[in-house]
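S.K.: Just so it is clear, I am handing over protein34.cif, which has mmCIF, N, CA and C atoms.
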data_my_file
#
loop_
_atom_site.label_atom_id
_atom_site.label_comp_id
_atom_site.auth_asym_id
_atom_site.auth_seq_id
_atom_site.Cartn_x
_atom_site.Cartn_y
_atom_site.Cartn_z
N MET A 506 104.99 8.63 63.83
CA MET A 506 106.03 7.84 63.19
C MET A 506 105.44 6.51 62.72
N LYS A 507 105.70 6.18 61.49
CA LYS A 507 105.27 4.89 60.95
C LYS A 507 106.13 3.79 61.56
N LYS A 508 105.46 2.79 62.09
CA LYS A 508 106.19 1.68 62.70
C LYS A 508 106.54 0.65 61.62
N ASP A 509 107.80 0.34 61.55
CA ASP A 509 108.25 -0.71 60.65
C ASP A 509 109.50 -1.36 61.24
N CYS A 510 110.05 -2.30 60.55
CA CYS A 510 111.20 -3.05 61.07
C CYS A 510 112.55 -2.47 60.63
N SER A 511 112.55 -1.32 59.97
CA SER A 511 113.79 -0.82 59.38
C SER A 511 114.85 -0.42 60.41
N HIS A 512 114.46 -0.06 61.62
CA HIS A 512 115.43 0.33 62.66
C HIS A 512 115.52 -0.70 63.77
N CYS A 513 114.85 -1.78 63.63
CA CYS A 513 114.73 -2.79 64.69
C CYS A 513 116.03 -3.56 64.90
N ASP A 514 116.20 -4.05 66.10
CA ASP A 514 117.37 -4.87 66.42
C ASP A 514 117.02 -6.37 66.44
N GLY A 515 115.90 -6.71 65.85
CA GLY A 515 115.51 -8.12 65.73
C GLY A 515 115.03 -8.74 67.02
N ARG A 516 114.49 -7.97 67.93
CA ARG A 516 114.06 -8.50 69.23
C ARG A 516 113.08 -9.66 69.11
N CYS A 517 112.12 -9.54 68.21
CA CYS A 517 111.10 -10.59 68.09
C CYS A 517 111.68 -11.90 67.58
N CYS A 518 112.88 -11.85 67.05
CA CYS A 518 113.52 -13.05 66.50
C CYS A 518 114.59 -13.63 67.43
N LYS A 519 114.60 -13.15 68.68
CA LYS A 519 115.65 -13.57 69.60
C LYS A 519 115.14 -14.32 70.82
N TYR A 520 113.87 -14.66 70.82
CA TYR A 520 113.32 -15.42 71.94
C TYR A 520 112.09 -16.19 71.49
N VAL A 521 111.72 -17.17 72.30
CA VAL A 521 110.49 -17.93 72.11
C VAL A 521 109.76 -17.89 73.45
N VAL A 522 108.47 -17.56 73.42
CA VAL A 522 107.66 -17.52 74.64
C VAL A 522 106.47 -18.45 74.46
N LEU A 523 106.22 -19.26 75.48
CA LEU A 523 105.08 -20.17 75.48
C LEU A 523 104.31 -20.00 76.78
N GLU A 524 102.99 -19.99 76.69
CA GLU A 524 102.18 -19.91 77.90
C GLU A 524 102.23 -21.26 78.63
N ILE A 525 102.31 -21.19 79.95
CA ILE A 525 102.31 -22.39 80.78
C ILE A 525 101.15 -22.29 81.78
N ASP A 526 100.82 -23.41 82.38
CA ASP A 526 99.77 -23.41 83.40
C ASP A 526 100.24 -22.66 84.64
N LYS A 527 99.33 -21.94 85.24
CA LYS A 527 99.61 -21.26 86.50
C LYS A 527 99.86 -22.33 87.57
N PRO A 528 100.93 -22.19 88.33
CA PRO A 528 101.20 -23.20 89.36
C PRO A 528 100.10 -23.21 90.42
N GLU A 529 99.67 -24.41 90.76
CA GLU A 529 98.58 -24.57 91.73
C GLU A 529 99.06 -25.14 93.05
N ASP A 530 100.26 -25.71 93.06
CA ASP A 530 100.78 -26.27 94.30
C ASP A 530 102.31 -26.21 94.28
N LEU A 531 102.91 -26.61 95.37
CA LEU A 531 104.37 -26.51 95.48
C LEU A 531 105.08 -27.42 94.49
N GLU A 532 104.46 -28.52 94.12
CA GLU A 532 105.05 -29.40 93.11
C GLU A 532 105.16 -28.68 91.75
N ASP A 533 104.15 -27.89 91.42
CA ASP A 533 104.21 -27.11 90.18
C ASP A 533 105.37 -26.11 90.22
N PHE A 534 105.63 -25.54 91.39
CA PHE A 534 106.75 -24.60 91.51
C PHE A 534 108.09 -25.31 91.34
N GLU A 535 108.15 -26.58 91.71
CA GLU A 535 109.38 -27.35 91.49
C GLU A 535 109.68 -27.44 90.00
N ASN A 536 108.64 -27.60 89.18
CA ASN A 536 108.84 -27.62 87.73
C ASN A 536 109.35 -26.28 87.23
N ILE A 537 108.80 -25.20 87.76
CA ILE A 537 109.26 -23.87 87.35
C ILE A 537 110.71 -23.67 87.77
N LYS A 538 111.08 -24.15 88.95
CA LYS A 538 112.48 -24.07 89.38
C LYS A 538 113.38 -24.80 88.38
N TRP A 539 112.92 -25.95 87.93
CA TRP A 539 113.71 -26.72 86.97
C TRP A 539 113.88 -25.94 85.67
N PHE A 540 112.79 -25.30 85.21
CA PHE A 540 112.88 -24.49 83.99
C PHE A 540 113.99 -23.46 84.10
N ILE A 541 113.96 -22.69 85.19
CA ILE A 541 114.88 -21.55 85.29
C ILE A 541 116.30 -21.94 85.66
N CYS A 542 116.51 -23.21 85.96
CA CYS A 542 117.88 -23.68 86.18
C CYS A 542 118.62 -23.81 84.85
N HIS A 543 117.91 -23.69 83.76
CA HIS A 543 118.53 -23.79 82.44
C HIS A 543 118.96 -22.42 81.94
N LYS A 544 120.07 -22.41 81.27
CA LYS A 544 120.64 -21.17 80.75
C LYS A 544 119.67 -20.49 79.77
N ASP A 545 119.56 -19.18 79.90
CA ASP A 545 118.76 -18.35 79.00
C ASP A 545 117.27 -18.69 79.00
N VAL A 546 116.77 -19.13 80.16
CA VAL A 546 115.35 -19.41 80.32
C VAL A 546 114.84 -18.59 81.50
N LYS A 547 113.66 -18.01 81.32
CA LYS A 547 113.01 -17.33 82.44
C LYS A 547 111.53 -17.65 82.39
N VAL A 548 110.88 -17.45 83.52
CA VAL A 548 109.44 -17.58 83.62
C VAL A 548 108.92 -16.24 84.09
N PHE A 549 107.80 -15.81 83.54
CA PHE A 549 107.24 -14.54 83.99
C PHE A 549 105.72 -14.60 84.02
N VAL A 550 105.17 -13.67 84.80
CA VAL A 550 103.73 -13.49 84.90
C VAL A 550 103.44 -12.13 84.28
N ASP A 551 102.53 -12.09 83.32
CA ASP A 551 102.20 -10.81 82.69
C ASP A 551 101.14 -10.07 83.51
N ASN A 552 100.79 -8.90 83.05
CA ASN A 552 99.83 -8.07 83.79
C ASN A 552 98.42 -8.63 83.79
N ASP A 553 98.15 -9.63 82.96
CA ASP A 553 96.85 -10.29 82.94
C ASP A 553 96.88 -11.60 83.73
N ASP A 554 97.94 -11.79 84.52
CA ASP A 554 98.15 -12.99 85.33
C ASP A 554 98.39 -14.26 84.52
N GLY A 555 98.81 -14.13 83.26
CA GLY A 555 99.20 -15.28 82.47
C GLY A 555 100.63 -15.67 82.83
N TRP A 556 100.91 -16.95 82.88
CA TRP A 556 102.25 -17.48 83.17
C TRP A 556 102.89 -17.94 81.88
N TYR A 557 104.19 -17.58 81.70
CA TYR A 557 104.90 -17.86 80.46
C TYR A 557 106.33 -18.32 80.75
N ILE A 558 106.83 -19.15 79.85
CA ILE A 558 108.24 -19.50 79.88
C ILE A 558 108.88 -18.89 78.63
N GLU A 559 110.04 -18.27 78.83
CA GLU A 559 110.74 -17.62 77.73
C GLU A 559 112.12 -18.24 77.55
N PHE A 560 112.41 -18.59 76.33
CA PHE A 560 113.72 -19.12 75.95
C PHE A 560 114.43 -18.04 75.14
N SER A 561 115.52 -17.52 75.64
CA SER A 561 116.29 -16.51 74.91
C SER A 561 117.22 -17.22 73.95
N THR A 562 116.80 -17.27 72.71
CA THR A 562 117.54 -17.99 71.69
C THR A 562 117.21 -17.39 70.33
N PRO A 563 118.19 -16.87 69.62
CA PRO A 563 117.89 -16.23 68.34
C PRO A 563 117.50 -17.23 67.26
N CYS A 564 116.66 -16.77 66.37
CA CYS A 564 116.30 -17.57 65.21
C CYS A 564 117.56 -17.84 64.39
N LYS A 565 117.68 -19.04 63.90
CA LYS A 565 118.88 -19.39 63.12
C LYS A 565 118.93 -18.68 61.78
N TYR A 566 117.83 -18.05 61.36
CA TYR A 566 117.81 -17.32 60.09
C TYR A 566 118.03 -15.83 60.26
N LEU A 567 118.25 -15.37 61.46
CA LEU A 567 118.51 -13.96 61.71
C LEU A 567 119.99 -13.68 61.44
N ASN A 568 120.27 -12.79 60.51
CA ASN A 568 121.67 -12.53 60.18
C ASN A 568 122.26 -11.42 61.05
N LYS A 569 123.52 -11.09 60.85
CA LYS A 569 124.21 -10.12 61.69
C LYS A 569 123.63 -8.72 61.57
N ASN A 570 122.86 -8.46 60.52
CA ASN A 570 122.20 -7.17 60.34
C ASN A 570 120.75 -7.19 60.85
N ASN A 571 120.41 -8.26 61.59
CA ASN A 571 119.07 -8.44 62.15
C ASN A 571 117.98 -8.54 61.08
N LEU A 572 118.34 -9.12 59.96
CA LEU A 572 117.40 -9.35 58.88
C LEU A 572 117.21 -10.86 58.69
N CYS A 573 116.04 -11.23 58.23
CA CYS A 573 115.72 -12.64 58.03
C CYS A 573 116.32 -13.13 56.72
N GLU A 574 117.10 -14.19 56.81
CA GLU A 574 117.69 -14.81 55.62
C GLU A 574 116.74 -15.83 54.98
N ASN A 575 115.58 -16.00 55.59
CA ASN A 575 114.60 -16.97 55.10
C ASN A 575 113.25 -16.28 54.90
N TYR A 576 113.28 -15.01 54.56
CA TYR A 576 112.10 -14.16 54.55
C TYR A 576 110.95 -14.73 53.70
N GLU A 577 111.25 -15.19 52.52
CA GLU A 577 110.19 -15.71 51.63
C GLU A 577 109.58 -17.02 52.15
N LYS A 578 110.34 -17.76 52.94
CA LYS A 578 109.85 -19.05 53.45
C LYS A 578 109.57 -19.00 54.97
N ARG A 579 109.53 -17.80 55.54
CA ARG A 579 109.35 -17.68 56.99
C ARG A 579 108.01 -18.25 57.44
N PRO A 580 107.95 -18.74 58.65
CA PRO A 580 106.71 -19.34 59.17
C PRO A 580 105.57 -18.32 59.24
N GLN A 581 104.37 -18.84 59.28
CA GLN A 581 103.18 -17.99 59.31
C GLN A 581 103.17 -17.08 60.54
N ILE A 582 103.65 -17.55 61.68
CA ILE A 582 103.68 -16.71 62.88
C ILE A 582 104.52 -15.46 62.65
N CYS A 583 105.56 -15.58 61.87
CA CYS A 583 106.38 -14.41 61.52
C CYS A 583 105.63 -13.48 60.57
N ARG A 584 104.93 -14.07 59.63
CA ARG A 584 104.16 -13.27 58.68
C ARG A 584 103.04 -12.50 59.38
N ASP A 585 102.45 -13.12 60.39
CA ASP A 585 101.32 -12.52 61.10
C ASP A 585 101.74 -11.55 62.19
N TYR A 586 103.02 -11.49 62.50
CA TYR A 586 103.47 -10.64 63.61
C TYR A 586 103.08 -9.19 63.38
N ASN A 587 102.49 -8.59 64.39
CA ASN A 587 102.01 -7.21 64.31
C ASN A 587 103.07 -6.27 64.87
N VAL A 588 103.58 -5.39 64.05
CA VAL A 588 104.63 -4.46 64.46
C VAL A 588 104.14 -3.57 65.61
N ASP A 589 102.83 -3.38 65.75
CA ASP A 589 102.30 -2.58 66.86
C ASP A 589 102.54 -3.25 68.21
N GLU A 590 102.80 -4.55 68.22
CA GLU A 590 103.08 -5.27 69.46
C GLU A 590 104.58 -5.40 69.72
N CYS A 591 105.40 -4.92 68.83
CA CYS A 591 106.85 -5.10 68.90
C CYS A 591 107.44 -4.45 70.15
N THR A 592 108.35 -5.16 70.81
CA THR A 592 109.02 -4.61 71.99
C THR A 592 110.00 -3.51 71.64
N PHE A 593 110.33 -3.36 70.36
CA PHE A 593 111.17 -2.24 69.94
C PHE A 593 110.43 -0.92 70.12
N TYR A 594 109.12 -0.95 69.88
CA TYR A 594 108.30 0.25 69.99
C TYR A 594 107.53 0.33 71.31
N ASN A 595 107.38 -0.75 71.98
CA ASN A 595 106.57 -0.80 73.19
C ASN A 595 107.38 -1.36 74.35
N GLU A 596 107.09 -0.86 75.53
CA GLU A 596 107.73 -1.40 76.73
C GLU A 596 106.70 -2.27 77.45
N TYR A 597 107.09 -3.48 77.73
CA TYR A 597 106.21 -4.40 78.43
C TYR A 597 106.74 -4.62 79.83
N ASN A 598 105.87 -4.46 80.78
CA ASN A 598 106.23 -4.70 82.17
C ASN A 598 105.64 -6.03 82.61
N GLU A 599 106.46 -6.82 83.21
CA GLU A 599 106.00 -8.11 83.72
C GLU A 599 105.69 -7.94 85.19
N LYS A 600 104.63 -8.58 85.62
CA LYS A 600 104.20 -8.51 87.02
C LYS A 600 105.23 -9.19 87.93
N HIS A 601 105.69 -10.35 87.50
CA HIS A 601 106.72 -11.12 88.22
C HIS A 601 107.64 -11.75 87.19
N THR A 602 108.93 -11.74 87.47
CA THR A 602 109.92 -12.36 86.60
C THR A 602 110.80 -13.27 87.44
N PHE A 603 111.02 -14.48 86.95
CA PHE A 603 111.81 -15.46 87.67
C PHE A 603 112.98 -15.92 86.80
N THR A 604 114.18 -15.63 87.26
CA THR A 604 115.37 -16.06 86.53
C THR A 604 116.30 -16.89 87.41
N ASN A 605 115.97 -17.00 88.71
CA ASN A 605 116.80 -17.80 89.61
C ASN A 605 115.94 -18.38 90.73
N LEU A 606 116.50 -19.30 91.47
CA LEU A 606 115.76 -20.02 92.50
C LEU A 606 115.32 -19.11 93.64
N ASP A 607 116.13 -18.14 94.01
CA ASP A 607 115.77 -17.22 95.09
C ASP A 607 114.50 -16.44 94.76
N GLU A 608 114.34 -16.04 93.51
CA GLU A 608 113.13 -15.30 93.11
C GLU A 608 111.89 -16.16 93.24
N ILE A 609 111.99 -17.43 92.90
CA ILE A 609 110.86 -18.34 93.05
C ILE A 609 110.54 -18.54 94.53
N ASP A 610 111.57 -18.80 95.34
CA ASP A 610 111.35 -19.00 96.78
C ASP A 610 110.72 -17.77 97.42
N ASP A 611 111.17 -16.60 97.02
CA ASP A 611 110.62 -15.35 97.54
C ASP A 611 109.14 -15.23 97.15
N TYR A 612 108.81 -15.55 95.91
CA TYR A 612 107.42 -15.50 95.45
C TYR A 612 106.56 -16.48 96.23
N ILE A 613 107.05 -17.69 96.44
CA ILE A 613 106.29 -18.70 97.18
C ILE A 613 105.97 -18.19 98.58
N GLU A 614 106.98 -17.63 99.25
CA GLU A 614 106.79 -17.15 100.63
C GLU A 614 105.93 -15.90 100.71
N ASN A 615 106.16 -14.95 99.83
CA ASN A 615 105.52 -13.64 99.97
C ASN A 615 104.27 -13.41 99.14
N VAL A 616 104.00 -14.28 98.17
CA VAL A 616 102.81 -14.10 97.35
C VAL A 616 101.94 -15.35 97.39
N TYR A 617 102.50 -16.47 96.95
CA TYR A 617 101.72 -17.70 96.83
C TYR A 617 101.12 -18.15 98.16
N LYS A 618 101.94 -18.29 99.19
CA LYS A 618 101.44 -18.78 100.47
C LYS A 618 100.46 -17.80 101.11
N LYS A 619 100.71 -16.52 100.97
CA LYS A 619 99.78 -15.52 101.53
C LYS A 619 98.44 -15.57 100.81
N ASN A 620 98.47 -15.68 99.49
CA ASN A 620 97.22 -15.78 98.73
C ASN A 620 96.48 -17.07 99.04
N LYS A 621 97.23 -18.15 99.21
CA LYS A 621 96.63 -19.43 99.52
C LYS A 621 95.95 -19.37 100.88
N ASN A 622 96.62 -18.75 101.86
CA ASN A 622 96.03 -18.62 103.19
C ASN A 622 94.76 -17.77 103.15
N LYS A 623 94.77 -16.70 102.37
CA LYS A 623 93.59 -15.85 102.25
C LYS A 623 92.43 -16.62 101.65
N SER A 624 92.69 -17.38 100.59
CA SER A 624 91.61 -18.11 99.93
C SER A 624 91.11 -19.27 100.78
N SER A 625 91.99 -19.91 101.55
CA SER A 625 91.54 -21.02 102.40
C SER A 625 90.76 -20.49 103.60
N SER A 626 91.07 -19.31 104.09
CA SER A 626 90.32 -18.75 105.20
C SER A 626 88.92 -18.34 104.75
N LYS A 627 88.75 -18.02 103.48
CA LYS A 627 87.42 -17.69 102.95
C LYS A 627 86.54 -18.93 102.87
N LEU A 628 87.14 -20.09 102.74
CA LEU A 628 86.38 -21.32 102.59
C LEU A 628 85.92 -21.90 103.92
N GLN A 629 86.51 -21.48 105.01
CA GLN A 629 86.16 -22.03 106.31
C GLN A 629 84.89 -21.37 106.82
N PRO A 630 84.00 -22.17 107.43
CA PRO A 630 82.75 -21.60 107.94
C PRO A 630 83.02 -20.66 109.11
N ARG A 631 82.15 -19.69 109.24
CA ARG A 631 82.25 -18.76 110.35
C ARG A 631 81.78 -19.43 111.64
N LYS A 632 82.43 -19.06 112.70
CA LYS A 632 81.99 -19.55 114.01
C LYS A 632 81.05 -18.52 114.60
N ASN A 633 79.91 -18.97 115.07
CA ASN A 633 78.92 -18.06 115.68
C ASN A 633 79.10 -17.95 117.15
#
Would you mind writing the file out in structure tokens?

M.R.:
Amino acid sequence: MKKDCSHCDGRCCKYVVLEIDKPEDLEDFENIKWFICHKDVKVFVDNDDGWYIEFSTPCKYLNKNNLCENYEKRPQICRDYNVDECTFYNEYNEKHTFTNLDEIDDYIENVYKKNKNKSSSKLQPRKN
């Protein structure tokens, strides 16, 4: 099947994703908590361990038929978008997704602190 936008529901035009720094301490997690306290915002970790913030907000030029009303003047990022990466045709699994405070707290307790303890125990000298 040839991939094109003719059957698409405009998914790529309904969110903005930006890469963020991986949290290194509990203060960084406080910032992530603040992000997700906002409506239609989530933070996720992809399968390559990249951290991202996603804002679910449609492009103001997307019409009710999921077509661009500004097609000739659309930004370069839209022009460069590769339909092979489209979520309409591909399913993307996120390693971790955070949409509420409980999910962050759970991650801190069950992933972050355990990994931190493992890495700090590797740094301590062995006792003979």

S.K.: Using the chain letters and numbering of this document, enumerate as JSON, numbers by chain the residues selected by the PyMOL selection byres ((chain A and resi 521) around 8).

M.R.: {"A": [517, 518, 519, 520, 522, 523, 524, 558, 559, 560, 561, 562, 563, 564]}

S.K.: I'd like the contact shell of A:Val550 - 6 Å cut-off, only N, CA and C atoms, skipping same-chain residues fewer than 4 positions apart - returned as a short mmCIF file (atom, residue, chain, number, x, y, z; two decimals) with N, CA and C atoms, in the frame of the given file.

M.R.:
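This went into around-v2.cif:
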data_model
loop_
_atom_site.label_atom_id
_atom_site.label_comp_id
_atom_site.auth_asym_id
_atom_site.auth_seq_id
_atom_site.Cartn_x
_atom_site.Cartn_y
_atom_site.Cartn_z
N ASP A 554 97.94 -11.79 84.52
CA ASP A 554 98.15 -12.99 85.33
C ASP A 554 98.39 -14.26 84.52
N GLY A 555 98.81 -14.13 83.26
CA GLY A 555 99.20 -15.28 82.47
C GLY A 555 100.63 -15.67 82.83
N TRP A 556 100.91 -16.95 82.88
CA TRP A 556 102.25 -17.48 83.17
C TRP A 556 102.89 -17.94 81.88
N TYR A 557 104.19 -17.58 81.70
CA TYR A 557 104.90 -17.86 80.46
C TYR A 557 106.33 -18.32 80.75
N GLU A 599 106.46 -6.82 83.21
CA GLU A 599 106.00 -8.11 83.72
C GLU A 599 105.69 -7.94 85.19
N LYS A 600 104.63 -8.58 85.62
CA LYS A 600 104.20 -8.51 87.02
C LYS A 600 105.23 -9.19 87.93
N HIS A 601 105.69 -10.35 87.50
CA HIS A 601 106.72 -11.12 88.22
C HIS A 601 107.64 -11.75 87.19
N THR A 602 108.93 -11.74 87.47
CA THR A 602 109.92 -12.36 86.60
C THR A 602 110.80 -13.27 87.44
#

S.K.: Can you list, as a PyMOL selection string, the residues that the PyMOL selection byres (((chain A and resi 570 and name CA) around 12) and name CA) selects here?

M.R.: chain A and resi 510-515+566-569+571-574

S.K.: Nearest residue to A:Asp530 out of A:Cys591, A:Cys583, A:Leu606, A:Ile613, using only C-alpha atoms?

M.R.: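 Of A:Cys591, A:Cys583, A:Leu606, A:Ile613, the one nearest A:Asp530 is A:Ile613, counting only C-alpha atoms.
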
S.K.: Between atom N of A:Asp551 and atom C of A:Asn622, what is the distance, to one decimal in Å?

M.R.: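 Atom-to-atom, atom N of A:Asp551 and atom C of A:Asn622 are spaced 22.0 Å apart.
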
S.K.: Take the PyMOL selection byres (((chain A and resi 529 and name CA) around 12) and name CA), run it mentally on this structure, and tell me the resulting residues as a short mmCIF file (atom, residue, chain, number, x, y, z; two decimals) with N, CA and C atoms, in the coordinates of the input.

M.R.:
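The resulting file, selection36.cif, is reproduced below:
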data_model
loop_
_atom_site.label_atom_id
_atom_site.label_comp_id
_atom_site.auth_asym_id
_atom_site.auth_seq_id
_atom_site.Cartn_x
_atom_site.Cartn_y
_atom_site.Cartn_z
N ILE A 525 102.31 -21.19 79.95
CA ILE A 525 102.31 -22.39 80.78
C ILE A 525 101.15 -22.29 81.78
N ASP A 526 100.82 -23.41 82.38
CA ASP A 526 99.77 -23.41 83.40
C ASP A 526 100.24 -22.66 84.64
N LYS A 527 99.33 -21.94 85.24
CA LYS A 527 99.61 -21.26 86.50
C LYS A 527 99.86 -22.33 87.57
N PRO A 528 100.93 -22.19 88.33
CA PRO A 528 101.20 -23.20 89.36
C PRO A 528 100.10 -23.21 90.42
N ASP A 530 100.26 -25.71 93.06
CA ASP A 530 100.78 -26.27 94.30
C ASP A 530 102.31 -26.21 94.28
N LEU A 531 102.91 -26.61 95.37
CA LEU A 531 104.37 -26.51 95.48
C LEU A 531 105.08 -27.42 94.49
N GLU A 532 104.46 -28.52 94.12
CA GLU A 532 105.05 -29.40 93.11
C GLU A 532 105.16 -28.68 91.75
N ASP A 533 104.15 -27.89 91.42
CA ASP A 533 104.21 -27.11 90.18
C ASP A 533 105.37 -26.11 90.22
N PHE A 534 105.63 -25.54 91.39
CA PHE A 534 106.75 -24.60 91.51
C PHE A 534 108.09 -25.31 91.34
N GLU A 535 108.15 -26.58 91.71
CA GLU A 535 109.38 -27.35 91.49
C GLU A 535 109.68 -27.44 90.00
N ASN A 536 108.64 -27.60 89.18
CA ASN A 536 108.84 -27.62 87.73
C ASN A 536 109.35 -26.28 87.23
N ILE A 537 108.80 -25.20 87.76
CA ILE A 537 109.26 -23.87 87.35
C ILE A 537 110.71 -23.67 87.77
N TRP A 556 100.91 -16.95 82.88
CA TRP A 556 102.25 -17.48 83.17
C TRP A 556 102.89 -17.94 81.88
N ILE A 613 107.05 -17.69 96.44
CA ILE A 613 106.29 -18.70 97.18
C ILE A 613 105.97 -18.19 98.58
N TYR A 617 102.50 -16.47 96.95
CA TYR A 617 101.72 -17.70 96.83
C TYR A 617 101.12 -18.15 98.16
N LYS A 618 101.94 -18.29 99.19
CA LYS A 618 101.44 -18.78 100.47
C LYS A 618 100.46 -17.80 101.11
N ASN A 620 98.47 -15.68 99.49
CA ASN A 620 97.22 -15.78 98.73
C ASN A 620 96.48 -17.07 99.04
N LYS A 621 97.23 -18.15 99.21
CA LYS A 621 96.63 -19.43 99.52
C LYS A 621 95.95 -19.37 100.88
#

S.K.: Considering only helix (DSSP H, G or I) as DSSP defines it on the backbone, what residues of chain A qualify? List them as JSON, numbers by chain.

M.R.: {"A": [516, 517, 518, 531, 532, 533, 534, 535, 536, 537, 538, 539, 540, 541, 576, 577, 578, 581, 582, 583, 584, 585, 588, 589, 590, 606, 607, 608, 609, 610, 611, 612, 613, 614, 615, 616, 617, 618, 619, 620, 621, 622, 623, 624, 625, 626, 627, 628]}

S.K.: State, in Å with one decimal place, the distance from atom CA of A:Asp553 to atom CA of A:Trp539.

M.R.: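 Calculated distance between atom CA of A:Asp553 and atom CA of A:Trp539 is 23.9 Å.
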
S.K.: Go ahead and compute the interatomic distance for atom CA of A:Asn595 and atom CA of A:Asp509, in Å to one decimal.

M.R.: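 According to the coordinates, atom CA of A:Asn595 and atom CA of A:Asp509 are separated by 12.7 Å.
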
S.K.: With all atoms listed in the file as the counted atoms, please give the residues lying no more than 7 Å from A:Ile541, apart from itself and same-chain residues fewer than 5 positions off, as a ChimeraX atom specification.

M.R.: /A:536,546-548,603-606

S.K.: Take the residues that were just selected and, keeping N, CA and C atoms, output them as a tab-separated table (two decimals), in the frame of the given file.

M.R.:
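What follows is the written file out32.tsv:
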chain	number	residue	atom	x	y	z
A	536	ASN	N	108.64	-27.60	89.18
A	536	ASN	CA	108.84	-27.62	87.73
A	536	ASN	C	109.35	-26.28	87.23
A	546	VAL	N	116.77	-19.13	80.16
A	546	VAL	CA	115.35	-19.41	80.32
A	546	VAL	C	114.84	-18.59	81.50
A	547	LYS	N	113.66	-18.01	81.32
A	547	LYS	CA	113.01	-17.33	82.44
A	547	LYS	C	111.53	-17.65	82.39
A	548	VAL	N	110.88	-17.45	83.52
A	548	VAL	CA	109.44	-17.58	83.62
A	548	VAL	C	108.92	-16.24	84.09
A	603	PHE	N	111.02	-14.48	86.95
A	603	PHE	CA	111.81	-15.46	87.67
A	603	PHE	C	112.98	-15.92	86.80
A	604	THR	N	114.18	-15.63	87.26
A	604	THR	CA	115.37	-16.06	86.53
A	604	THR	C	116.30	-16.89	87.41
A	605	ASN	N	115.97	-17.00	88.71
A	605	ASN	CA	116.80	-17.80	89.61
A	605	ASN	C	115.94	-18.38	90.73
A	606	LEU	N	116.50	-19.30	91.47
A	606	LEU	CA	115.76	-20.02	92.50
A	606	LEU	C	115.32	-19.11	93.64

S.K.: Would you give me, as a PyMOL selection string, the residues in stretch 540-631 of chain A that DSSP reads as strand (DSSP E)?

M.R.: chain A and resi 546-550+556-561+601-603
